[in-house]
Amino acid sequence: MLKIGSAFSGIGAWERSLEHLGVEHEIVFYSEIDPNPSRAYSEMFKVPMSKNIGDISTADPESVGDIDVFFFSPPCQSWSVAGEQGGFEDPRGVLFFDALKIIKAKMPKYLVMENVKNLVGKKFTNEFRAMLHALESAGYTSYWKVLNAVDYGIPQNRERVFVVSVRKDLDTGSFEFPEPIGCDLRLIDLLEDVVDEK
């Protein structure tokens, strides 16, 4: 069974994806600072809230259990064209390095990071390169690509960069991102016909 950890967990998109794929897994820990998503996460995945290590910037990396896969989606506000684009000057922009502390302490087999497309844009070339270099120095080979949700069955034009990092002792150099499958759905296909006014 796959042992997983996640940071900036929200309500558990990564965990829900594993369920949809039928991947047997155990949630070892998650990190979410907002109490409402944390409660929702705990209820949806039937894990005690004690598994929430809270603020990743103050969490003790040595205190969390061993994991096979680490999912992390650092806050996008410091990179997004819709935000102030403060990059590493924004306190949220350096939370990647707090996640890196856990990575270095636990050395999971695989890492998956997601963020807005603008992270790989011209403005943040140096910052993105610094992230990839940090992962490489930590012992990982990283593969990255901008993917659009609409190419994978979701009726939303939503481009995101995905970085999949494989621990070097396991990397065969053969990782490839999935080919697009298209989308036959429209947003209206997913909306409920009857919704409570509240």
# chains A, B, ... in the order shown; residues from 1 in each chain; ligands from 1
$ select_by_dssp --residues "stretch 5-195 of chain A" --states "helix (DSSP H, G or I)" --output "ChimeraX atom specification"
/A:13-21,35-45,49-51,61-63,87-89,91-106,117-120,122-137,149-151,187-190
$ closest_atom_pairs --of "stretch 1-110 of chain A" --to "stretch 167-180 of chain A" --cutoff "9 Å" --atoms "only C-alpha atoms" --output "tab-separated table"
residue	atom	partner	partner_atom	distance
A:Met107	CA	A:Arg167	CA	7.7
A:Pro108	CA	A:Arg167	CA	7.4
A:Lys109	CA	A:Arg167	CA	5.3
A:Tyr110	CA	A:Arg167	CA	6.2
$ closest_residue --among "A:Ile4, A:Met49, A:Met44, A:Ala149" --to "A:Val28" --atoms "only C-alpha atoms"
A:Ile4
$ closest_atom_pairs --of "stretch 105-156 of chain A" --to "stretch 85-99 of chain A" --cutoff "9 Å" --atoms "only C-alpha atoms" --output "Markdown table"
| residue | atom | partner | partner_atom | distance |
| --- | --- | --- | --- | --- |
| A:Leu119 | CA | A:Gly87 | CA | 8.7 |
| A:Lys123 | CA | A:Gln85 | CA | 9.0 |
| A:Phe124 | CA | A:Gly87 | CA | 7.3 |
| A:Glu127 | CA | A:Phe88 | CA | 7.4 |
| A:Met131 | CA | A:Phe96 | CA | 7.8 |
| A:Ala134 | CA | A:Phe97 | CA | 8.5 |
$ write_last_selection --atoms "N, CA, C and O atoms" --output "PDB file, in the first residue's frame"
ATOM      1  N   LEU A 119       4.382  30.211 -13.298  1.00  0.00           N
ATOM      2  CA  LEU A 119       5.618  29.851 -12.598  1.00  0.00           C
ATOM      3  C   LEU A 119       6.729  29.521 -13.586  1.00  0.00           C
ATOM      4  O   LEU A 119       7.905  29.735 -13.297  1.00  0.00           O
ATOM      5  N   LYS A 123       8.977  35.704 -16.506  1.00  0.00           N
ATOM      6  CA  LYS A 123       9.255  36.496 -15.305  1.00  0.00           C
ATOM      7  C   LYS A 123       9.908  35.665 -14.200  1.00  0.00           C
ATOM      8  O   LYS A 123      10.719  36.188 -13.432  1.00  0.00           O
ATOM      9  N   PHE A 124       9.558  34.391 -14.113  1.00  0.00           N
ATOM     10  CA  PHE A 124      10.045  33.564 -13.007  1.00  0.00           C
ATOM     11  C   PHE A 124      11.002  32.457 -13.444  1.00  0.00           C
ATOM     12  O   PHE A 124      11.128  31.438 -12.757  1.00  0.00           O
ATOM     13  N   GLU A 127      13.520  31.685 -10.696  1.00  0.00           N
ATOM     14  CA  GLU A 127      12.925  31.060  -9.521  1.00  0.00           C
ATOM     15  C   GLU A 127      12.582  29.589  -9.792  1.00  0.00           C
ATOM     16  O   GLU A 127      12.858  28.722  -8.961  1.00  0.00           O
ATOM     17  N   MET A 131      14.103  26.138  -8.041  1.00  0.00           N
ATOM     18  CA  MET A 131      13.325  25.030  -7.472  1.00  0.00           C
ATOM     19  C   MET A 131      13.797  23.690  -8.032  1.00  0.00           C
ATOM     20  O   MET A 131      14.015  22.729  -7.280  1.00  0.00           O
ATOM     21  N   ALA A 134      17.100  22.807  -6.593  1.00  0.00           N
ATOM     22  CA  ALA A 134      16.977  22.357  -5.199  1.00  0.00           C
ATOM     23  C   ALA A 134      16.519  20.907  -5.142  1.00  0.00           C
ATOM     24  O   ALA A 134      17.017  20.114  -4.332  1.00  0.00           O
TER      25      ALA A 134
END
$ closest_residue --among "A:Glu114, A:Asp196, A:Asp151, A:Asp55" --to "A:Pro35" --atoms "only C-alpha atoms"
A:Asp55
